[in-house]
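Here's the structure, in structure tokens; my notes come after.
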Amino acid sequence: MMNYVIKELNTALRRQYTFFYILCAIVLCILANLSIIFFREFFHYAEDAGADAYNLMIYAEGVFWIPYYSSIFIAHIVFGTSYPDTRIRDKYTIGMGKTGIFFGKLITALLLGVLFLVLGVVSFISITFLFSVVQEQRLDIWTVLDFIQKVGFAVPLWIAGISIANMCMFLFLDKKKAFFTFIFLIILIPRAIMYIAAEPIGFEPFAAVRDLILMTPEFNALQFAHTQNLGKDWLLGGVYTVLSNAIGLSAFHKMKMEY
């Protein structure tokens, strides 16, 4: 399996979508720094210029949902534009069954996700630091460490997102159906649950289920990542990871493939 993962990861890293994903992350980091300066200068929001970097680090914790939602694009990069390809057997898959291929794709997606995460965090901190230097500010090391800790709390839920995306890719030979299913599972269903659980409807069973989905009721943060409840964080992420892998693997074993 190791050779298969290395081959898949090497192929994914060469794809145009990979460079586009990284470029988007860097652009977002730059725009985030420019926006906080813009709001301070023109709308007198957070007027303390010396707190720009600190404020941005705090606000950035509210966009951890972006990597979660983008999990489907990571899976898309791993599977490639030629998917579905029924000629799944090559020299790298000799001796591998469907289980090996399934987890090979999953591991590749997770490794790619880790790479994007590291590059994103490093880019964000580096760009924010450069902006703070230009504005003659000081980016406190404790602010950076606190942000990195918050990133760590979000990791189990990001892993669950990648697992769900990988499952969706194995559920269908049509990639459009995979994308729609992912959107349905992580956006439409959670939104419906939150809406029915909230007032004025306030349907009690949905209120109980609301605490078990991966998004908060405000829908702008990952569940338990902002509260730093590490136990529930890993438990919730782990349950979704195991369930999605079990469903995806079962579906792949039932799928007829040409060898």
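Identifiers in the structure tokens: chain A, B, ... in order shown; residue index from 1 per chain; ligand index from 1 in order shown.
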
12 Å contact set for range 93-99 of chain A, only C-alpha atoms, chain neighbours under 4 positions out, as a PyMOL selection string: chain A and resi 1-8+87-89+103-106+170+245-246+248-257+259

Ile164 in chain A environment, 9 Å, only C-alpha atoms, sequence neighbours closer than 4 positions dropped, as a PyMOL selection string: chain A and resi 71-72+159-160+168-169+182+185-186+240-241+243-245+248

DSSP helix (DSSP H, G or I) residues within range 64-238 of chain A, as number ranges by chain: A: 65-69, 71-79, 98-134, 141-171, 175-197, 204-210, 230-238

Could you produce a table of the residues of range 74-168 of chain A lying within 12 Å of range 18-42 of chain A, with the nearest pair of atoms per residue and their separation in Å rounded to one decimal, using only C-alpha atoms, ordered by chain and increasing residue number, as JSON lines?
```
{"residue": "A:Ile74", "atom": "CA", "partner": "A:Thr18", "partner_atom": "CA", "distance": 8.4}
{"residue": "A:Ala75", "atom": "CA", "partner": "A:Thr18", "partner_atom": "CA", "distance": 11.1}
{"residue": "A:His76", "atom": "CA", "partner": "A:Thr18", "partner_atom": "CA", "distance": 10.1}
{"residue": "A:Ile77", "atom": "CA", "partner": "A:Thr18", "partner_atom": "CA", "distance": 6.9}
{"residue": "A:Val78", "atom": "CA", "partner": "A:Thr18", "partner_atom": "CA", "distance": 9.5}
{"residue": "A:Gly80", "atom": "CA", "partner": "A:Thr18", "partner_atom": "CA", "distance": 10.7}
{"residue": "A:Ala109", "atom": "CA", "partner": "A:Thr18", "partner_atom": "CA", "distance": 11.8}
{"residue": "A:Leu112", "atom": "CA", "partner": "A:Thr18", "partner_atom": "CA", "distance": 9.1}
{"residue": "A:Gly113", "atom": "CA", "partner": "A:Thr18", "partner_atom": "CA", "distance": 10.7}
{"residue": "A:Leu115", "atom": "CA", "partner": "A:Ile22", "partner_atom": "CA", "distance": 9.8}
{"residue": "A:Phe116", "atom": "CA", "partner": "A:Ile22", "partner_atom": "CA", "distance": 7.0}
{"residue": "A:Leu117", "atom": "CA", "partner": "A:Ala25", "partner_atom": "CA", "distance": 9.7}
{"residue": "A:Val118", "atom": "CA", "partner": "A:Ile22", "partner_atom": "CA", "distance": 10.8}
{"residue": "A:Leu119", "atom": "CA", "partner": "A:Ile22", "partner_atom": "CA", "distance": 7.7}
{"residue": "A:Gly120", "atom": "CA", "partner": "A:Ala25", "partner_atom": "CA", "distance": 6.1}
{"residue": "A:Val121", "atom": "CA", "partner": "A:Ala25", "partner_atom": "CA", "distance": 9.4}
{"residue": "A:Val122", "atom": "CA", "partner": "A:Ile26", "partner_atom": "CA", "distance": 9.9}
{"residue": "A:Ser123", "atom": "CA", "partner": "A:Ile26", "partner_atom": "CA", "distance": 6.4}
{"residue": "A:Phe124", "atom": "CA", "partner": "A:Cys29", "partner_atom": "CA", "distance": 5.3}
{"residue": "A:Ile125", "atom": "CA", "partner": "A:Cys29", "partner_atom": "CA", "distance": 8.7}
{"residue": "A:Ser126", "atom": "CA", "partner": "A:Cys29", "partner_atom": "CA", "distance": 9.4}
{"residue": "A:Ile127", "atom": "CA", "partner": "A:Ile30", "partner_atom": "CA", "distance": 6.7}
{"residue": "A:Thr128", "atom": "CA", "partner": "A:Asn33", "partner_atom": "CA", "distance": 6.5}
{"residue": "A:Phe129", "atom": "CA", "partner": "A:Asn33", "partner_atom": "CA", "distance": 9.9}
{"residue": "A:Leu130", "atom": "CA", "partner": "A:Asn33", "partner_atom": "CA", "distance": 9.9}
{"residue": "A:Phe131", "atom": "CA", "partner": "A:Asn33", "partner_atom": "CA", "distance": 7.1}
{"residue": "A:Ser132", "atom": "CA", "partner": "A:Asn33", "partner_atom": "CA", "distance": 9.3}
{"residue": "A:Val134", "atom": "CA", "partner": "A:Asn33", "partner_atom": "CA", "distance": 11.7}
{"residue": "A:Gln135", "atom": "CA", "partner": "A:Ile37", "partner_atom": "CA", "distance": 9.9}
```

Contact residues around Ser70 in chain A with only C-alpha atoms at 9 Å, ignoring same-chain residues under 4 positions, as a ChimeraX atom specification: /A:65-66,74,161-162

Take the residues from that selection and write them out as a short mmCIF file (atom, residue, chain, number, x, y, z; two decimals), in the first residue's frame, keeping all heavy atoms.
```cif
data_model
loop_
_atom_site.label_atom_id
_atom_site.label_comp_id
_atom_site.auth_asym_id
_atom_site.auth_seq_id
_atom_site.Cartn_x
_atom_site.Cartn_y
_atom_site.Cartn_z
N TRP A 65 -14.22 26.52 9.44
CA TRP A 65 -15.16 25.76 8.62
C TRP A 65 -14.71 25.69 7.16
O TRP A 65 -15.15 24.82 6.42
CB TRP A 65 -16.56 26.37 8.70
CG TRP A 65 -16.59 27.84 8.40
CD1 TRP A 65 -16.50 28.86 9.30
CD2 TRP A 65 -16.73 28.44 7.12
NE1 TRP A 65 -16.56 30.07 8.67
CE2 TRP A 65 -16.71 29.85 7.31
CE3 TRP A 65 -16.87 27.95 5.82
CZ2 TRP A 65 -16.82 30.76 6.27
CZ3 TRP A 65 -16.98 28.85 4.77
CH2 TRP A 65 -16.95 30.24 5.01
N ILE A 66 -13.84 26.61 6.74
CA ILE A 66 -13.39 26.61 5.34
C ILE A 66 -12.65 25.32 4.99
O ILE A 66 -12.97 24.67 3.98
CB ILE A 66 -12.54 27.85 5.03
CG1 ILE A 66 -13.40 29.12 5.14
CG2 ILE A 66 -11.92 27.75 3.64
CD1 ILE A 66 -12.65 30.41 4.87
N ILE A 74 -10.29 18.35 -1.73
CA ILE A 74 -9.10 17.54 -1.48
C ILE A 74 -9.31 16.13 -2.04
O ILE A 74 -8.43 15.57 -2.69
CB ILE A 74 -8.79 17.49 0.03
CG1 ILE A 74 -8.42 18.88 0.53
CG2 ILE A 74 -7.66 16.50 0.32
CD1 ILE A 74 -8.17 18.96 2.02
N GLY A 161 -14.20 15.41 8.06
CA GLY A 161 -14.62 16.00 6.80
C GLY A 161 -13.98 15.32 5.61
O GLY A 161 -14.66 15.02 4.61
N ILE A 162 -12.69 15.04 5.70
CA ILE A 162 -11.99 14.34 4.61
C ILE A 162 -12.51 12.93 4.46
O ILE A 162 -12.67 12.42 3.34
CB ILE A 162 -10.47 14.35 4.88
CG1 ILE A 162 -9.92 15.78 4.75
CG2 ILE A 162 -9.75 13.42 3.91
CD1 ILE A 162 -8.45 15.90 5.07
#
```

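If you measure from each of A:Leu145, A:Leu214, A:Ala208, A:Leu111 to Gly238 in chain A using only C-alpha atoms, the closest one turns out to be A:Leu214.
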
6 Å contact set for range 233-236 of chain A, only C-alpha atoms, chain neighbours under 4 positions out, as an MDAnalysis selection string: chainID A and resid 156 224 229

Mind dumping the selected residues with C-alpha atoms as a short mmCIF file (atom, residue, chain, number, x, y, z; two decimals), in the first residue's frame?
```cif
data_model
loop_
_atom_site.label_atom_id
_atom_site.label_comp_id
_atom_site.auth_asym_id
_atom_site.auth_seq_id
_atom_site.Cartn_x
_atom_site.Cartn_y
_atom_site.Cartn_z
CA PRO A 156 -10.30 15.78 14.45
CA PHE A 224 -16.37 21.81 20.15
CA ASN A 229 -13.50 20.30 24.78
#
```

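Proximity to Val151 in chain A at 9 Å, evaluated using only C-alpha atoms and with sequence-adjacent residues fewer than 5 positions away removed, yields Glu61, Phe64, Val121, Asp146 and Ala225 of chain A.
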
Interatomic distance, CA of Leu9 in chain A to CA of Gln149 in chain A (Å, one decimal): 27.2 Å

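Interatomic distance, CA of Ala12 in chain A to CA of Phe79 in chain A: 8.1 Å.
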